[in-house]
$ cat upload-v9.tsv   # TSV, C-alpha atoms
chain	number	residue	atom	x	y	z
A	1	MET	CA	13.18	-6.08	18.53
A	2	PRO	CA	15.94	-5.19	16.07
A	3	GLU	CA	15.54	-2.55	13.38
A	4	PRO	CA	14.43	-3.94	10.04
A	5	VAL	CA	17.32	-5.16	7.91
A	6	ILE	CA	16.61	-3.87	4.39
A	7	ARG	CA	18.05	-5.72	1.41
A	8	LYS	CA	16.41	-3.76	-1.35
A	9	THR	CA	13.93	-0.98	-2.10
A	10	ALA	CA	12.14	0.05	-5.28
A	11	ILE	CA	9.67	2.68	-6.44
A	12	THR	CA	7.47	2.28	-9.49
A	13	VAL	CA	5.37	5.07	-11.02
A	14	GLU	CA	2.75	4.51	-13.72
A	15	GLU	CA	1.01	7.18	-15.78
A	16	ILE	CA	-2.22	5.98	-17.36
A	17	PHE	CA	-3.52	8.11	-20.21
A	18	HIS	CA	-6.44	5.98	-21.37
A	19	GLU	CA	-7.91	2.48	-21.18
A	20	GLY	CA	-9.04	2.27	-24.80
A	21	GLY	CA	-11.28	5.33	-24.76
A	22	PRO	CA	-10.36	9.00	-25.15
A	23	ALA	CA	-7.18	10.20	-23.45
A	24	ALA	CA	-7.80	11.83	-20.07
A	25	ALA	CA	-7.05	15.54	-19.68
A	26	VAL	CA	-4.87	14.58	-16.70
A	27	PRO	CA	-3.37	11.09	-16.57
A	28	LEU	CA	-3.89	8.89	-13.54
A	29	ARG	CA	-0.66	8.33	-11.65
A	30	ARG	CA	-0.14	5.24	-9.53
A	31	ALA	CA	3.01	4.65	-7.50
A	32	ALA	CA	4.27	1.75	-5.41
A	33	ALA	CA	7.08	1.73	-2.87
A	34	LEU	CA	8.56	-1.68	-2.07
A	35	ALA	CA	11.03	-2.80	0.58
A	36	VAL	CA	12.47	-6.28	0.96
A	37	ILE	CA	13.48	-6.90	4.56
A	38	GLU	CA	14.86	-9.77	6.58
A	39	ASN	CA	12.10	-11.67	8.40
A	40	PRO	CA	13.30	-11.87	12.03
A	41	PHE	CA	10.79	-14.67	12.73
A	42	ALA	CA	11.53	-16.88	9.72
A	43	GLY	CA	11.84	-20.59	10.34
A	44	ARG	CA	10.36	-20.65	13.84
A	45	TYR	CA	7.17	-19.90	15.70
A	46	VAL	CA	7.36	-16.82	17.96
A	47	GLU	CA	4.35	-16.12	20.15
A	48	ASP	CA	4.79	-12.37	20.67
A	49	ILE	CA	5.67	-10.66	17.39
A	50	SER	CA	3.69	-7.43	17.78
A	51	GLY	CA	6.67	-5.39	18.99
A	52	PHE	CA	8.14	-5.52	15.50
A	53	MET	CA	5.34	-3.22	14.32
A	54	ASP	CA	6.96	-0.35	16.22
A	55	ASP	CA	10.29	-1.15	14.56
A	56	LEU	CA	8.63	-0.96	11.13
A	57	LYS	CA	7.09	2.51	11.70
A	58	PRO	CA	10.14	4.54	10.54
A	59	LEU	CA	10.35	2.42	7.40
A	60	GLY	CA	6.63	2.96	6.76
A	61	LEU	CA	7.02	6.73	7.10
A	62	LYS	CA	10.01	6.77	4.78
A	63	MET	CA	8.21	4.70	2.15
A	64	ALA	CA	5.10	6.89	2.38
A	65	GLY	CA	7.23	10.02	2.05
A	66	ASP	CA	9.04	8.53	-0.94
A	67	LEU	CA	5.67	7.86	-2.61
A	68	VAL	CA	4.50	11.44	-2.10
A	69	GLU	CA	7.78	12.63	-3.62
A	70	ALA	CA	7.43	10.21	-6.55
A	71	LEU	CA	3.97	11.69	-7.22
A	72	GLY	CA	5.31	15.24	-7.32
A	73	GLY	CA	5.87	16.15	-3.66
A	74	ASP	CA	2.37	17.44	-2.88
A	75	ALA	CA	0.46	15.10	-0.55
A	76	SER	CA	-2.83	16.82	-1.41
A	77	VAL	CA	-2.84	15.23	-4.90
A	78	VAL	CA	-3.06	11.71	-3.42
A	79	GLU	CA	-6.63	10.37	-3.59
A	80	GLY	CA	-6.19	6.60	-3.21
A	81	TYR	CA	-4.06	4.18	-1.23
A	82	GLY	CA	-3.42	0.58	-0.29
A	83	LYS	CA	-0.81	-1.69	1.26
A	84	GLY	CA	0.36	-5.29	1.20
A	85	ALA	CA	3.06	-7.81	2.01
A	86	ILE	CA	4.52	-10.97	0.52
A	87	VAL	CA	6.07	-13.27	3.11
A	88	GLY	CA	8.81	-15.67	2.05
A	89	ALA	CA	8.38	-19.45	2.41
A	90	ASN	CA	10.03	-19.72	5.85
A	91	GLY	CA	7.58	-17.22	7.34
A	92	GLU	CA	3.88	-17.21	8.08
A	93	LEU	CA	1.01	-15.04	6.94
A	94	GLU	CA	0.88	-13.34	10.34
A	95	HIS	CA	4.30	-11.85	9.68
A	96	GLY	CA	2.75	-9.94	6.78
A	97	ALA	CA	0.02	-8.70	9.11
A	98	LEU	CA	2.71	-6.82	11.03
A	99	TRP	CA	2.60	-4.27	8.19
A	100	HIS	CA	-1.01	-3.22	8.87
A	101	VAL	CA	-0.25	-0.54	11.46
A	102	PRO	CA	3.12	0.84	10.30
A	103	GLY	CA	2.15	0.73	6.62
A	104	GLY	CA	-1.34	2.15	6.95
A	105	TYR	CA	-0.80	4.74	9.63
A	106	SER	CA	2.32	6.08	7.94
A	107	MET	CA	0.30	7.04	4.87
A	108	ARG	CA	-2.55	8.41	6.94
A	109	GLU	CA	-0.09	10.53	8.90
A	110	LEU	CA	1.26	12.19	5.75
A	111	LEU	CA	-1.96	12.64	3.79
A	112	PRO	CA	-4.25	15.57	4.69
A	113	ALA	CA	-7.57	13.82	3.96
A	114	SER	CA	-7.26	10.18	4.98
A	115	ASN	CA	-10.19	9.07	7.12
A	116	ALA	CA	-10.71	5.78	5.29
A	117	ILE	CA	-9.18	2.50	6.34
A	118	VAL	CA	-6.21	1.53	4.16
A	119	PRO	CA	-7.14	-1.63	2.23
A	120	SER	CA	-4.64	-4.44	2.47
A	121	THR	CA	-3.64	-7.87	1.25
A	122	LYS	CA	-0.91	-10.36	2.02
A	123	LYS	CA	0.25	-13.79	0.92
A	124	LEU	CA	3.09	-16.28	1.11
A	125	GLY	CA	5.35	-16.52	-1.92
A	126	GLY	CA	8.87	-16.66	-3.25
A	127	PRO	CA	10.97	-14.56	-5.61
A	128	GLY	CA	8.92	-13.20	-8.47
A	129	THR	CA	5.58	-13.52	-6.69
A	130	ARG	CA	3.17	-10.79	-7.71
A	131	LEU	CA	0.59	-9.19	-5.43
A	132	ASP	CA	-2.44	-7.09	-6.38
A	133	ILE	CA	-2.63	-4.24	-3.85
A	134	PRO	CA	-6.24	-3.07	-3.45
A	135	VAL	CA	-6.78	0.69	-3.63
A	136	THR	CA	-9.68	2.78	-2.35
A	137	HIS	CA	-10.26	6.50	-1.85
A	138	CYS	CA	-8.24	7.92	1.05
A	139	ASN	CA	-11.12	9.75	2.65
A	140	ALA	CA	-14.16	7.58	1.92
A	141	SER	CA	-13.99	3.86	1.16
A	142	TYR	CA	-17.31	3.83	-0.72
A	143	VAL	CA	-16.15	6.10	-3.56
A	144	ARG	CA	-16.61	3.56	-6.36
A	145	SER	CA	-14.55	5.40	-8.99
A	146	HIS	CA	-11.42	4.82	-6.92
A	147	PHE	CA	-11.81	1.03	-6.47
A	148	ASP	CA	-8.60	-0.09	-8.12
A	149	ALA	CA	-5.50	-2.24	-7.68
A	150	MET	CA	-1.83	-2.08	-8.56
A	151	GLU	CA	0.21	-5.20	-9.17
A	152	VAL	CA	3.60	-5.23	-7.44
A	153	GLY	CA	6.49	-7.61	-7.09
A	154	LEU	CA	10.21	-8.08	-7.64
A	155	ALA	CA	12.03	-10.76	-9.59
A	156	ASP	CA	14.43	-11.58	-6.75
A	157	GLY	CA	12.26	-11.29	-3.67
A	158	PRO	CA	11.14	-12.21	-1.23
A	159	LYS	CA	13.62	-14.97	-0.51
A	160	ALA	CA	12.55	-17.62	1.98
A	161	ASP	CA	13.69	-15.61	5.01
A	162	GLU	CA	12.40	-12.23	3.81
A	163	ILE	CA	9.24	-10.12	3.63
A	164	LEU	CA	8.39	-7.78	0.77
A	165	LEU	CA	6.46	-4.77	2.10
A	166	ALA	CA	4.47	-2.54	-0.25
A	167	LEU	CA	2.62	0.78	-0.17
A	168	VAL	CA	0.59	2.19	-3.07
A	169	MET	CA	-0.80	5.69	-3.71
A	170	THR	CA	-2.84	7.03	-6.63
A	171	THR	CA	-3.79	10.51	-7.79
A	172	GLY	CA	-7.37	9.94	-8.84
A	173	PRO	CA	-10.09	7.62	-10.06
A	174	ARG	CA	-9.75	4.88	-12.65
A	175	ILE	CA	-9.45	6.30	-16.13
A	176	HIS	CA	-12.94	6.26	-17.71
A	177	ALA	CA	-14.67	5.46	-14.36
A	178	ARG	CA	-18.39	5.51	-15.15
A	179	VAL	CA	-20.24	2.91	-13.09
A	180	GLY	CA	-21.97	5.27	-10.67
A	181	GLY	CA	-21.91	5.20	-6.91
A	182	LEU	CA	-20.67	7.80	-4.45
A	183	LYS	CA	-18.59	10.50	-6.14
A	184	ALA	CA	-15.48	12.03	-4.61
A	185	SER	CA	-17.25	15.41	-4.78
A	186	GLU	CA	-20.00	14.01	-2.52
A	187	ILE	CA	-17.78	12.82	0.35
A	188	ARG	CA	-19.04	13.91	3.77
A	189	GLY	CA	-15.88	12.72	5.55
A	190	GLU	CA	-17.67	11.74	8.74
A	191	ASP	CA	-16.74	8.08	9.12
A	192	GLY	CA	-14.18	7.12	6.47
A	193	LEU	CA	-16.89	5.34	4.49
A	194	ARG	CA	-18.95	8.07	2.83

$ encode --input "upload-v9.tsv" --output "structure tokens"
Amino acid sequence: MPEPVIRKTAITVEEIFHEGGPAAAVPLRRAAALAVIENPFAGRYVEDISGFMDDLKPLGLKMAGDLVEALGGDASVVEGYGKGAIVGANGELEHGALWHVPGGYSMRELLPASNAIVPSTKKLGGPGTRLDIPVTHCNASYVRSHFDAMEVGLADGPKADEILLALVMTTGPRIHARVGGLKASEIRGEDGLR
């Protein structure tokens, strides 16, 4: 397969100080890295597409590294993550599924405590389509305070023959998280769940 042809990249960083209650001592930081690439399978059905996952791995590692840098350069501050893809109209949902391995494993490779599966979503859409990327704790999916999402999208992508790939990282729980459940301080780290 050919290397991904990148049209555009973007990084967004949010700092959340409060959600209507008292300001947090340390704001929550959420960051998203986006890449709009040419879809090599657009407009036709191709039976064997899995090889393109290997071609996407360097892009996944670069995007994950860019996110760590955007959050201050210290991978140990990252506590949550997620990934997603928006496939342009001439593609199919399965083309977005190609991002599961290179997107997820790239973040897990760079983050010191990342036993949990990387949550994911994908959809078909055109320019301006928005996607809510689910976020969970990197080391234990059941940590309720870290159940979150970050909306991503670009005004001019994906075009019909493109895919928008996204990675998201966060530095902590939702601001004002207070609905109980497993706490980050209680993680056993045995199975990626608890």

$ residues_around --input "upload-v9.tsv" --residues "Gly51 of chain A" --least-positions-apart "2" --cutoff "10 Å" --atoms "only C-alpha atoms" --output "PyMOL selection string"
chain A and resi 1-2+48-49+53-56+98

$ residues_near_point --input "upload-v9.tsv" --point "(-4.2, 8.6, 3.3)" --cutoff "9 Å" --atoms "only C-alpha atoms" --output "PDB file with C-alpha atoms, in the frame of the given file"
ATOM      1  CA  ALA A  75       0.460  15.100  -0.550  1.00  0.00           C
ATOM      2  CA  VAL A  78      -3.060  11.710  -3.420  1.00  0.00           C
ATOM      3  CA  GLU A  79      -6.630  10.370  -3.590  1.00  0.00           C
ATOM      4  CA  GLY A  80      -6.190   6.600  -3.210  1.00  0.00           C
ATOM      5  CA  TYR A  81      -4.060   4.180  -1.230  1.00  0.00           C
ATOM      6  CA  GLY A  82      -3.420   0.580  -0.290  1.00  0.00           C
ATOM      7  CA  GLY A 104      -1.340   2.150   6.950  1.00  0.00           C
ATOM      8  CA  TYR A 105      -0.800   4.740   9.630  1.00  0.00           C
ATOM      9  CA  SER A 106       2.320   6.080   7.940  1.00  0.00           C
ATOM     10  CA  MET A 107       0.300   7.040   4.870  1.00  0.00           C
ATOM     11  CA  ARG A 108      -2.550   8.410   6.940  1.00  0.00           C
ATOM     12  CA  GLU A 109      -0.090  10.530   8.900  1.00  0.00           C
ATOM     13  CA  LEU A 110       1.260  12.190   5.750  1.00  0.00           C
ATOM     14  CA  LEU A 111      -1.960  12.640   3.790  1.00  0.00           C
ATOM     15  CA  PRO A 112      -4.250  15.570   4.690  1.00  0.00           C
ATOM     16  CA  ALA A 113      -7.570  13.820   3.960  1.00  0.00           C
ATOM     17  CA  SER A 114      -7.260  10.180   4.980  1.00  0.00           C
ATOM     18  CA  ASN A 115     -10.190   9.070   7.120  1.00  0.00           C
ATOM     19  CA  ALA A 116     -10.710   5.780   5.290  1.00  0.00           C
ATOM     20  CA  ILE A 117      -9.180   2.500   6.340  1.00  0.00           C
ATOM     21  CA  VAL A 118      -6.210   1.530   4.160  1.00  0.00           C
ATOM     22  CA  HIS A 137     -10.260   6.500  -1.850  1.00  0.00           C
ATOM     23  CA  CYS A 138      -8.240   7.920   1.050  1.00  0.00           C
ATOM     24  CA  ASN A 139     -11.120   9.750   2.650  1.00  0.00           C
ATOM     25  CA  MET A 169      -0.800   5.690  -3.710  1.00  0.00           C
TER      26      MET A 169
END

$ closest_residue --input "upload-v9.tsv" --among "A:Val135, A:Ile187, A:Leu93, A:Ile175" --to "Phe41 of chain A" --atoms "all atoms listed in the file"
A:Leu93

$ atom_distance --input "upload-v9.tsv" --atom1 "atom CA of Val143 of chain A" --atom2 "atom CA of Gly192 of chain A"
10.3 Å

$ atom_distance --input "upload-v9.tsv" --atom1 "atom CA of Thr12 of chain A" --atom2 "atom CA of Asp148 of chain A"
16.3 Å

$ residues_around --input "upload-v9.tsv" --residues "Leu193 of chain A" --least-positions-apart "6" --cutoff "7 Å" --atoms "all atoms listed in the file" --output "list in words"
Ala116, Ala140, Ser141 and Tyr142 of chain A

$ closest_residue --input "upload-v9.tsv" --among "A:Phe17, A:Ile11, A:Gly96, A:Ala85" --to "Asp66 of chain A" --atoms "all atoms listed in the file"
A:Ile11

$ closest_residue --input "upload-v9.tsv" --among "A:Pro22, A:Gly157, A:Pro127, A:Pro119" --to "Thr9 of chain A" --atoms "all atoms listed in the file"
A:Gly157
